[in-house]
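Colleague: The following file, run-v1.cif, comprises mmCIF, C-alpha atoms and all ligand atoms:
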```
data_query
#
loop_
_atom_site.group_PDB
_atom_site.id
_atom_site.type_symbol
_atom_site.label_atom_id
_atom_site.label_comp_id
_atom_site.auth_asym_id
_atom_site.auth_seq_id
_atom_site.Cartn_x
_atom_site.Cartn_y
_atom_site.Cartn_z
ATOM 1 C CA MET I 1 -28.619 134.905 51.667
ATOM 2 C CA SER I 2 -27.528 131.725 53.274
ATOM 3 C CA GLU I 3 -24.097 130.730 54.375
ATOM 4 C CA THR I 4 -22.501 127.368 54.151
ATOM 5 C CA HIS I 5 -19.074 127.261 55.599
ATOM 6 C CA GLN I 6 -16.877 124.383 56.570
ATOM 7 C CA THR I 7 -15.882 124.173 60.194
ATOM 8 C CA THR I 8 -12.294 125.271 60.466
ATOM 9 C CA GLY I 9 -11.866 125.085 64.232
ATOM 10 C CA THR I 10 -9.426 122.847 65.964
ATOM 11 C CA GLN I 11 -9.445 121.837 69.524
ATOM 12 C CA SER I 12 -6.501 123.265 71.362
ATOM 13 C CA PRO I 13 -4.748 121.362 74.148
ATOM 14 C CA GLY I 14 -5.782 124.051 76.589
ATOM 15 C CA SER I 15 -9.457 123.747 75.784
ATOM 16 C CA ALA I 16 -10.146 120.045 75.716
ATOM 17 C CA SER I 17 -13.661 120.690 77.010
ATOM 18 C CA ARG I 18 -14.533 123.229 74.337
ATOM 19 C CA GLN I 19 -17.653 122.488 72.393
ATOM 20 C CA LEU I 20 -16.937 123.731 68.914
ATOM 21 C CA THR I 21 -19.975 125.854 68.334
ATOM 22 C CA ARG I 22 -21.623 127.342 65.286
ATOM 23 C CA LEU I 23 -23.884 130.318 65.880
ATOM 24 C CA ALA I 24 -26.183 131.322 63.053
ATOM 25 C CA ALA I 25 -28.987 133.650 62.081
ATOM 26 C CA ARG I 26 -31.428 132.239 59.563
ATOM 27 C CA ASN I 27 -33.836 134.494 57.645
ATOM 28 C CA LEU I 28 -33.832 136.791 60.621
ATOM 29 C CA SER I 29 -35.891 139.992 60.643
ATOM 30 C CA HIS I 30 -36.339 142.404 63.497
ATOM 31 C CA GLY I 31 -37.605 145.874 64.252
ATOM 32 C CA PHE I 32 -38.606 148.264 66.983
ATOM 33 C CA GLY I 33 -42.146 149.616 66.953
ATOM 34 C CA ASP I 34 -43.144 150.018 63.326
ATOM 35 C CA GLY I 35 -39.588 150.279 62.043
ATOM 36 C CA VAL I 36 -37.861 147.300 60.460
ATOM 37 C CA ILE I 37 -34.167 147.308 61.366
ATOM 38 C CA LEU I 38 -32.991 143.922 60.095
ATOM 39 C CA GLU I 39 -34.499 142.088 57.164
ATOM 40 C CA ASP I 40 -33.987 138.473 56.174
ATOM 41 C CA ILE I 41 -30.450 138.103 57.493
ATOM 42 C CA SER I 42 -28.782 134.718 57.174
ATOM 43 C CA LEU I 43 -25.201 134.318 58.323
ATOM 44 C CA ALA I 44 -23.140 132.076 60.556
ATOM 45 C CA VAL I 45 -20.048 132.348 62.667
ATOM 46 C CA GLU I 46 -18.084 129.135 62.705
ATOM 47 C CA PRO I 47 -15.722 127.680 65.319
ATOM 48 C CA GLY I 48 -12.174 128.906 64.925
ATOM 49 C CA GLU I 49 -12.986 131.834 62.659
ATOM 50 C CA ILE I 50 -13.460 135.564 62.969
ATOM 51 C CA LEU I 51 -16.490 136.953 61.165
ATOM 52 C CA ALA I 52 -16.459 140.724 60.642
ATOM 53 C CA ILE I 53 -19.844 142.421 60.423
ATOM 54 C CA VAL I 54 -19.394 145.801 58.766
ATOM 55 C CA GLY I 55 -21.715 148.474 57.487
ATOM 56 C CA PRO I 56 -22.628 152.127 57.919
ATOM 57 C CA SER I 57 -23.667 153.487 61.296
ATOM 58 C CA GLY I 58 -27.245 152.626 62.206
ATOM 59 C CA THR I 59 -27.470 149.726 59.798
ATOM 60 C CA GLY I 60 -28.202 147.193 62.523
ATOM 61 C CA LYS I 61 -24.861 145.614 63.524
ATOM 62 C CA THR I 62 -25.450 145.956 67.261
ATOM 63 C CA THR I 63 -29.037 144.804 66.922
ATOM 64 C CA LEU I 64 -27.836 141.708 65.077
ATOM 65 C CA LEU I 65 -25.234 140.921 67.748
ATOM 66 C CA ARG I 66 -27.848 141.362 70.479
ATOM 67 C CA LEU I 67 -30.125 138.901 68.708
ATOM 68 C CA LEU I 68 -27.251 136.443 68.258
ATOM 69 C CA ALA I 69 -26.576 136.829 71.986
ATOM 70 C CA MET I 70 -30.213 135.851 72.619
ATOM 71 C CA PHE I 71 -31.061 139.076 74.428
ATOM 72 C CA GLU I 72 -34.465 138.967 72.797
ATOM 73 C CA PRO I 73 -36.209 136.826 70.169
ATOM 74 C CA PRO I 74 -36.228 138.027 66.562
ATOM 75 C CA ASP I 75 -39.544 139.081 65.055
ATOM 76 C CA LYS I 76 -39.030 136.546 62.280
ATOM 77 C CA GLY I 77 -36.523 133.832 61.513
ATOM 78 C CA THR I 78 -34.290 131.959 63.898
ATOM 79 C CA VAL I 79 -31.099 132.166 65.894
ATOM 80 C CA GLU I 80 -29.455 128.759 65.905
ATOM 81 C CA VAL I 81 -26.721 127.149 67.950
ATOM 82 C CA ASP I 82 -25.390 124.113 66.157
ATOM 83 C CA GLY I 83 -28.545 124.009 64.082
ATOM 84 C CA GLU I 84 -30.940 124.247 67.016
ATOM 85 C CA ASP I 85 -33.465 127.098 67.084
ATOM 86 C CA VAL I 86 -32.670 128.651 70.465
ATOM 87 C CA TRP I 87 -36.118 130.188 70.881
ATOM 88 C CA SER I 88 -37.791 126.797 70.542
ATOM 89 C CA LEU I 89 -35.911 125.589 73.616
ATOM 90 C CA SER I 90 -36.915 125.898 77.259
ATOM 91 C CA ASP I 91 -35.659 128.929 79.207
ATOM 92 C CA ASP I 92 -33.165 126.739 81.061
ATOM 93 C CA GLN I 93 -31.812 125.219 77.884
ATOM 94 C CA ARG I 94 -31.468 128.624 76.272
ATOM 95 C CA LEU I 95 -29.758 130.000 79.365
ATOM 96 C CA ALA I 96 -27.285 127.141 79.205
ATOM 97 C CA LEU I 97 -26.470 128.071 75.605
ATOM 98 C CA ARG I 98 -26.174 131.743 76.454
ATOM 99 C CA ARG I 99 -23.598 130.908 79.100
ATOM 100 C CA ARG I 100 -21.336 129.634 76.335
ATOM 101 C CA ILE I 101 -21.276 133.064 74.725
ATOM 102 C CA GLY I 102 -18.836 135.757 75.823
ATOM 103 C CA MET I 103 -19.855 139.319 75.060
ATOM 104 C CA GLY I 104 -17.880 142.503 74.762
ATOM 105 C CA PHE I 105 -20.403 145.208 74.021
ATOM 106 C CA GLN I 106 -19.939 148.920 73.507
ATOM 107 C CA THR I 107 -21.013 150.175 76.903
ATOM 108 C CA ARG I 108 -18.373 150.407 79.586
ATOM 109 C CA SER I 109 -19.406 147.925 82.206
ATOM 110 C CA LEU I 110 -16.616 147.511 84.737
ATOM 111 C CA PHE I 111 -17.489 147.960 88.379
ATOM 112 C CA SER I 112 -15.516 149.633 91.107
ATOM 113 C CA ALA I 113 -13.163 146.872 92.225
ATOM 114 C CA ALA I 114 -9.809 145.404 91.281
ATOM 115 C CA VAL I 115 -9.289 144.528 87.650
ATOM 116 C CA SER I 116 -8.938 140.856 88.633
ATOM 117 C CA ASP I 117 -12.272 140.925 90.493
ATOM 118 C CA ASN I 118 -13.961 142.335 87.416
ATOM 119 C CA VAL I 119 -12.583 139.518 85.301
ATOM 120 C CA ALA I 120 -13.339 136.878 87.942
ATOM 121 C CA TYR I 121 -16.929 138.081 88.030
ATOM 122 C CA GLY I 122 -17.633 136.372 84.735
ATOM 123 C CA LEU I 123 -16.397 133.107 86.187
ATOM 124 C CA ARG I 124 -18.430 133.422 89.365
ATOM 125 C CA VAL I 125 -21.609 134.107 87.428
ATOM 126 C CA ARG I 126 -20.938 131.110 85.293
ATOM 127 C CA GLN I 127 -20.261 128.917 88.298
ATOM 128 C CA SER I 128 -23.707 129.494 89.659
ATOM 129 C CA TRP I 129 -25.036 128.377 86.311
ATOM 130 C CA GLY I 130 -23.148 125.199 85.667
ATOM 131 C CA ALA I 131 -20.666 122.621 86.685
ATOM 132 C CA ARG I 132 -18.407 122.881 83.685
ATOM 133 C CA LEU I 133 -16.098 125.463 85.203
ATOM 134 C CA ARG I 134 -16.504 124.420 88.816
ATOM 135 C CA SER I 135 -12.896 123.522 89.355
ATOM 136 C CA ALA I 136 -11.730 126.777 87.852
ATOM 137 C CA ILE I 137 -14.093 128.732 90.063
ATOM 138 C CA GLU I 138 -12.945 126.956 93.167
ATOM 139 C CA ASN I 139 -9.583 128.449 92.456
ATOM 140 C CA VAL I 140 -11.099 131.900 92.471
ATOM 141 C CA VAL I 141 -13.198 131.806 95.599
ATOM 142 C CA GLY I 142 -11.295 132.331 98.806
ATOM 143 C CA ARG I 143 -8.008 133.171 97.166
ATOM 144 C CA SER I 144 -6.311 136.500 97.361
ATOM 145 C CA ASP I 145 -4.361 135.883 94.162
ATOM 146 C CA PRO I 146 -6.245 135.856 90.875
ATOM 147 C CA ALA I 147 -7.073 132.383 89.658
ATOM 148 C CA PRO I 148 -5.335 131.011 86.582
ATOM 149 C CA PRO I 149 -8.243 131.637 84.182
ATOM 150 C CA VAL I 150 -8.338 135.271 85.300
ATOM 151 C CA GLU I 151 -4.622 135.688 84.920
ATOM 152 C CA ARG I 152 -4.632 133.943 81.569
ATOM 153 C CA ALA I 153 -7.434 136.146 80.231
ATOM 154 C CA LEU I 154 -5.643 139.285 81.417
ATOM 155 C CA GLU I 155 -2.414 138.089 79.856
ATOM 156 C CA THR I 156 -4.234 137.545 76.581
ATOM 157 C CA VAL I 157 -5.206 141.221 76.443
ATOM 158 C CA GLY I 158 -1.867 142.423 77.835
ATOM 159 C CA MET I 159 -3.286 143.592 81.160
ATOM 160 C CA ALA I 160 -1.850 141.064 83.617
ATOM 161 C CA ASP I 161 0.445 143.686 85.114
ATOM 162 C CA LYS I 162 -2.557 145.795 86.121
ATOM 163 C CA MET I 163 -4.665 143.061 87.688
ATOM 164 C CA HIS I 164 -4.567 144.634 91.148
ATOM 165 C CA ARG I 165 -5.443 148.126 89.982
ATOM 166 C CA ASP I 166 -8.868 149.569 90.687
ATOM 167 C CA ALA I 167 -10.839 149.302 87.446
ATOM 168 C CA ARG I 168 -11.958 152.924 87.878
ATOM 169 C CA SER I 169 -8.409 154.100 87.383
ATOM 170 C CA LEU I 170 -8.046 152.555 83.930
ATOM 171 C CA SER I 171 -7.952 154.440 80.668
ATOM 172 C CA ALA I 172 -10.748 153.778 78.165
ATOM 173 C CA GLY I 173 -8.489 151.486 76.165
ATOM 174 C CA GLU I 174 -7.386 149.532 79.212
ATOM 175 C CA ALA I 175 -10.985 149.215 80.405
ATOM 176 C CA GLN I 176 -11.986 147.872 77.022
ATOM 177 C CA ARG I 177 -9.226 145.286 77.203
ATOM 178 C CA VAL I 178 -10.369 144.230 80.688
ATOM 179 C CA ALA I 179 -13.966 143.931 79.482
ATOM 180 C CA ILE I 180 -12.752 141.542 76.811
ATOM 181 C CA ALA I 181 -10.710 139.602 79.363
ATOM 182 C CA ARG I 182 -13.887 139.220 81.393
ATOM 183 C CA ALA I 183 -15.670 137.802 78.360
ATOM 184 C CA LEU I 184 -12.741 135.427 77.721
ATOM 185 C CA ALA I 185 -12.149 134.202 81.290
ATOM 186 C CA PRO I 186 -14.984 131.645 81.350
ATOM 187 C CA ASP I 187 -13.515 130.167 78.158
ATOM 188 C CA PRO I 188 -16.572 130.793 75.998
ATOM 189 C CA ASP I 189 -17.329 128.864 72.839
ATOM 190 C CA VAL I 190 -18.494 131.992 71.029
ATOM 191 C CA LEU I 191 -17.270 135.567 71.425
ATOM 192 C CA LEU I 192 -19.382 138.515 70.245
ATOM 193 C CA LEU I 193 -17.570 141.839 70.093
ATOM 194 C CA ASP I 194 -19.229 145.145 69.283
ATOM 195 C CA GLU I 195 -16.755 147.815 68.183
ATOM 196 C CA PRO I 196 -14.146 146.548 70.636
ATOM 197 C CA THR I 197 -11.497 149.019 69.497
ATOM 198 C CA SER I 198 -13.528 152.141 68.821
ATOM 199 C CA ASN I 199 -11.549 155.181 69.944
ATOM 200 C CA LEU I 200 -8.516 153.159 70.939
ATOM 201 C CA ASP I 201 -4.935 153.945 70.066
ATOM 202 C CA PRO I 202 -2.914 151.580 67.867
ATOM 203 C CA ARG I 203 -1.294 149.838 70.836
ATOM 204 C CA ASN I 204 -4.610 149.009 72.537
ATOM 205 C CA THR I 205 -6.126 148.077 69.202
ATOM 206 C CA ALA I 206 -3.272 145.684 68.510
ATOM 207 C CA ALA I 207 -3.707 144.082 71.949
ATOM 208 C CA ILE I 208 -7.403 143.474 71.325
ATOM 209 C CA GLU I 209 -6.837 142.167 67.822
ATOM 210 C CA SER I 210 -4.238 139.808 69.185
ATOM 211 C CA ALA I 211 -6.786 138.585 71.781
ATOM 212 C CA MET I 212 -9.236 137.913 68.950
ATOM 213 C CA ARG I 213 -6.659 135.874 67.057
ATOM 214 C CA GLU I 214 -5.849 133.964 70.207
ATOM 215 C CA ALA I 215 -9.536 133.185 70.705
ATOM 216 C CA ARG I 216 -9.738 131.949 67.128
ATOM 217 C CA ARG I 217 -6.681 129.779 67.647
ATOM 218 C CA HIS I 218 -8.511 128.104 70.515
ATOM 219 C CA GLY I 219 -11.492 127.217 68.359
ATOM 220 C CA ILE I 220 -13.737 130.032 69.581
ATOM 221 C CA ALA I 221 -16.221 131.392 67.046
ATOM 222 C CA VAL I 222 -15.699 135.166 67.007
ATOM 223 C CA ALA I 223 -18.144 137.705 65.532
ATOM 224 C CA LEU I 224 -16.896 141.267 65.388
ATOM 225 C CA ALA I 225 -18.944 144.343 64.500
ATOM 226 C CA THR I 226 -16.594 147.059 63.353
ATOM 227 C CA HIS I 227 -16.480 150.359 61.480
ATOM 228 C CA ASP I 228 -12.827 149.842 60.821
ATOM 229 C CA MET I 229 -12.432 148.356 57.355
ATOM 230 C CA GLN I 230 -8.714 147.866 57.817
ATOM 231 C CA GLN I 231 -9.365 145.979 61.012
ATOM 232 C CA ALA I 232 -11.842 143.715 59.244
ATOM 233 C CA GLN I 233 -9.157 143.006 56.652
ATOM 234 C CA ARG I 234 -6.454 142.464 59.255
ATOM 235 C CA VAL I 235 -8.240 140.022 61.508
ATOM 236 C CA SER I 236 -11.285 138.458 59.922
ATOM 237 C CA ASP I 237 -11.641 135.311 57.854
ATOM 238 C CA ARG I 238 -15.024 136.250 56.468
ATOM 239 C CA THR I 239 -16.886 139.519 56.202
ATOM 240 C CA ALA I 240 -20.605 140.231 56.085
ATOM 241 C CA VAL I 241 -21.664 143.662 54.843
ATOM 242 C CA LEU I 242 -24.925 145.089 56.168
ATOM 243 C CA LEU I 243 -26.697 147.927 54.426
ATOM 244 C CA ASP I 244 -30.110 149.219 55.400
ATOM 245 C CA GLY I 245 -30.599 146.177 57.598
ATOM 246 C CA THR I 246 -29.927 143.583 54.943
ATOM 247 C CA CYS I 247 -26.810 141.537 54.359
ATOM 248 C CA ILE I 248 -25.865 142.625 50.857
ATOM 249 C CA GLU I 249 -22.713 140.564 50.622
ATOM 250 C CA SER I 250 -20.737 138.033 52.620
ATOM 251 C CA GLY I 251 -17.802 135.807 51.925
ATOM 252 C CA PRO I 252 -14.082 135.378 52.486
ATOM 253 C CA THR I 253 -12.673 138.717 53.596
ATOM 254 C CA ASP I 254 -10.005 138.895 50.889
ATOM 255 C CA ARG I 255 -12.594 138.306 48.196
ATOM 256 C CA VAL I 256 -15.139 140.763 49.609
ATOM 257 C CA PHE I 257 -12.524 143.514 49.828
ATOM 258 C CA GLU I 258 -10.651 142.807 46.624
ATOM 259 C CA ASN I 259 -13.497 141.838 44.381
ATOM 260 C CA PRO I 260 -16.900 142.694 45.845
ATOM 261 C CA ALA I 261 -19.861 141.403 43.879
ATOM 262 C CA ASP I 262 -22.091 144.293 44.915
ATOM 263 C CA ASP I 263 -21.173 147.759 43.719
ATOM 264 C CA ARG I 264 -22.514 149.323 46.934
ATOM 265 C CA VAL I 265 -19.951 147.245 48.849
ATOM 266 C CA ARG I 266 -17.181 148.550 46.630
ATOM 267 C CA ARG I 267 -18.295 152.126 47.225
ATOM 268 C CA PHE I 268 -18.638 151.527 50.960
ATOM 269 C CA ILE I 269 -15.154 150.056 51.160
ATOM 270 C CA GLU I 270 -13.767 152.966 49.186
ATOM 271 C CA GLY I 271 -15.541 155.390 51.506
ATOM 272 C CA LYS I 272 -17.655 156.692 48.632
ATOM 273 C CA LEU I 273 -21.033 155.388 49.730
ATOM 274 C CA VAL I 274 -22.998 158.514 50.577
ATOM 275 C CA TYR I 275 -25.271 157.574 53.435
HETATM 276 N N1 LIG N 301 -34.186 149.582 71.467
HETATM 277 C C1 LIG N 301 -34.344 150.281 70.336
HETATM 278 N N2 LIG N 301 -35.484 150.937 70.095
HETATM 279 C C2 LIG N 301 -35.683 151.629 68.948
HETATM 280 N N3 LIG N 301 -34.757 151.719 67.964
HETATM 281 C C3 LIG N 301 -33.606 151.095 68.153
HETATM 282 C C4 LIG N 301 -33.316 150.343 69.338
HETATM 283 N N4 LIG N 301 -32.072 149.828 69.235
HETATM 284 C C5 LIG N 301 -31.608 150.236 68.034
HETATM 285 N N5 LIG N 301 -32.509 150.988 67.409
HETATM 286 C C6 LIG N 301 -32.362 151.596 66.075
HETATM 287 O O1 LIG N 301 -31.974 150.551 65.191
HETATM 288 C C7 LIG N 301 -31.093 151.049 64.213
HETATM 289 C C8 LIG N 301 -29.859 150.174 64.169
HETATM 290 O O2 LIG N 301 -29.133 150.386 65.364
HETATM 291 P P1 LIG N 301 -27.821 149.562 65.670
HETATM 292 O O3 LIG N 301 -27.279 150.091 66.958
HETATM 293 O O4 LIG N 301 -28.121 148.123 65.593
HETATM 294 O O5 LIG N 301 -26.913 149.992 64.449
HETATM 295 P P2 LIG N 301 -25.347 149.852 64.261
HETATM 296 O O6 LIG N 301 -25.124 149.421 62.865
HETATM 297 O O7 LIG N 301 -24.766 149.009 65.346
HETATM 298 O O8 LIG N 301 -24.892 151.360 64.451
HETATM 299 P P3 LIG N 301 -23.477 151.932 64.918
HETATM 300 O O9 LIG N 301 -22.493 151.505 63.885
HETATM 301 O O10 LIG N 301 -23.702 153.430 64.915
HETATM 302 O O11 LIG N 301 -23.176 151.381 66.280
HETATM 303 C C9 LIG N 301 -30.812 152.504 64.576
HETATM 304 O O12 LIG N 301 -31.609 153.327 63.767
HETATM 305 C C10 LIG N 301 -31.224 152.593 66.015
HETATM 306 O O13 LIG N 301 -31.645 153.887 66.340
#
```
Here is the file; what I need is its structure written in the form of structure tokens.
Modeller:
Amino acid sequence: MSETHQTTGTQSPGSASRQLTRLAARNLSHGFGDGVILEDISLAVEPGEILAIVGPSGTGKTTLLRLLAMFEPPDKGTVEVDGEDVWSLSDDQRLALRRRIGMGFQTRSLFSAAVSDNVAYGLRVRQSWGARLRSAIENVVGRSDPAPPVERALETVGMADKMHRDARSLSAGEAQRVAIARALAPDPDVLLLDEPTSNLDPRNTAAIESAMREARRHGIAVALATHDMQQAQRVSDRTAVLLDGTCIESGPTDRVFENPADDRVRRFIEGKLVY
């Protein structure tokens, strides 16, 4: 299935340097060993939209996000940034593209240091890779107070009041919010989130959903893998449904949920798909 979707992103005053970025998978297939996990997936996440990727457990959502994040090349097909096949580029060029992608993946990945240091880490890494955020980084290095991008990212997820806390002392929900702040701090063009609210209470979930909407408002292309159908309906503009490694339906979220073309999607949404 192929996606054609008009760019809906707008450039916000606070992100004049943002490159509105479209990240796409085209006829992508992938497996591990002899097993095929993803088959002929074509979808795109556009600037200024949230794309929900839903489907039963084990259907390949994380694998798809990892391929979109350029962790490894797909067996077949392409991953494209603004129409360019990323695996046809040089390593340096691909690295430069990868730096524009913020990732919030399922594993807890905060290190033992202040919350603000964890968030600033993303900026420091990016500094060594490029000049685009140099001025922002200079604010971080050598300052005892968190730099504005760090503070802003923590404010976005409602964690600014805990910036001086040791990250080890955070609850799971707070840690998840900080991990997302770390992905947001370098002001990415694309944000990939894998189950960002799994096991979180409604308050933490609301904070993360609000961060996603804020990212969208700033023209960031957001792809969200989620088990939570209500969340997909609450936050996403478009939804792609994966089943057995194929994308069986995608389109505007309201349409997919209210009037799915594929009966398996209807049964999945209604919780009746025996899997
Ligand atoms: N590195 C790997 N080696 C072998 N198999 C793998 C590897 N990574 C994932 N898989 C398999 O690929 C399939 C899809 O896994 P994936 O994590 O992408 O699914 P998912 O839809 O994200 O699942 P969940 O909703 O439970 O997180 C699973 O059967 C998984 O066991």
Colleague: Taking the file above as input, evaluate the PyMOL selection byres (((chain I and resi 80) around 9) and not hetatm) and report the hits as a count of residues only.
Modeller: 16
Colleague: Please evaluate the PyMOL selection byres (((chain I and resi 183) around 12) and not hetatm) against the structure above and give the resulting residues as a PyMOL selection string.
Modeller: chain I and resi 99-105+109-110+118-123+125-126+149-150+153-154+156-157+176-182+184-193+196+211-212+215+220+222
Colleague: Taking the file above as input, evaluate the PyMOL selection byres (((not hetatm)) within 7 of (chain N and resi 301)) and report the hits as a PyMOL selection string.
Modeller: chain I and resi 32+37+55-64+227
Colleague: To one decimal in Å, tell me the separation between CA of Asp237 (chain I) and CA of Pro47 (chain I).
Modeller: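 Answer for the CA of Asp237 (chain I) to CA of Pro47 (chain I) separation: 11.4 Å.
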Colleague: Check the smallest atom-to-atom distance from each of I:His164, I:Ser169, I:Ile248, I:Glu155 to Asp40 (chain I) using only C-alpha atoms, then report the winner.
Modeller: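 So, comparing all the options, the nearest one is I:Ile248.
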